[in-house]
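> For reference, the structure I am asking about is given below.
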Amino acid sequence: SRPTTGEADPGARDAPNTPAALLDLPDVDLAARASERVRALADTVPGTADIRFAPADAPVLRALLRCLREEDARTTLGVLAERELEDSAASGTHRTPAPLADLAARLLPPGTTRVLDPACGGGGLLEAAARRGATTLYGQDLLPVQARRAAVALLLAAPGAAVTVREGDSLRADAFPDLVAEAVLCVPPYGDRDWGHDELACDPRWAYGLPARAESELAWVQHALARLAPGGRAVLVLPPAVASRPSGRRIRKELL
């Protein structure tokens, strides 16, 4: 039920789920096969449970299959996701550079297997964690296209991992309120004054103090700590100002 990589062995070119074999199907059968494959991913890829294809969708499906055959699944995924981001007028979505993601993952203790990224974007940090042996990956992102992109990217990059990705705002609508993770990796949104300061004022996550409206980053830090098992480790990438703003002094002191 995993997406094809588009890099099948030549000897398996006519296997039933390779792009080459699917391209030769009649429109009705191609639509049915695509719907079946998407349904199989409904528990992993957000927003796909109700997707169904009709024979009229066959030209688009064939164009996608040709991309998979001529390029590969990761390239095709990137192009489609970037196009969707442009169409949705989303701003502030920047993929974490691979060297930075790898650095963050290297800061996790050896043997870490259960990792959460509550602002996962395209899934780069979780991919880096998987490369270092993490086998149970949780992600959440506010933008539906980013959540779907992360889920598919993780299925491709870590086919043996247990992947769970959800849509939504982790601060206002945490999809994993009962999760106890060994590690949290995160590059949270910067400078967000609309993070929920007023409605979340009494939230139990603020064990080190209620963050100021301008200190959304310290809300994310405390969210990460609230999802950790005892002895777990959180690695967050934050702007330098978080370490020096007067409004965050008391929380920083309590954290230390």
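In the structure tokens, the first chain shown is A, the next is B, and so on; residue numbers restart at 1 for each chain, and ligands run from 1 in the order shown.
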Env of stretch 192-198 of chain A: 7 Å cut, atoms = only C-alpha atoms, seq-sep filter 4 positions within chain, self excluded. Answer as number ranges by chain.
A: 172, 213-214, 216
> DSSP says strand (DSSP E) for which residues of stretch 12-219 of chain A? Put them as a count of residues only?
22
> Please build the interface table for stretch 16-90 of chain A against stretch 160-164 of chain A with a cut-off of 12 Å, listing for each qualifying residue the nearest atom pair and the distance in Å to one decimal; count only C-alpha atoms, order rows by chain and increasing number, and write it as a Markdown table.

| residue | atom | partner | partner_atom | distance |
| --- | --- | --- | --- | --- |
| A:Leu41 | CA | A:Val163 | CA | 10.8 |
| A:Ala42 | CA | A:Thr164 | CA | 10.7 |
| A:Asp43 | CA | A:Thr164 | CA | 7.9 |
| A:Thr44 | CA | A:Thr164 | CA | 5.6 |
| A:Val45 | CA | A:Thr164 | CA | 7.9 |
| A:Pro46 | CA | A:Thr164 | CA | 9.1 |
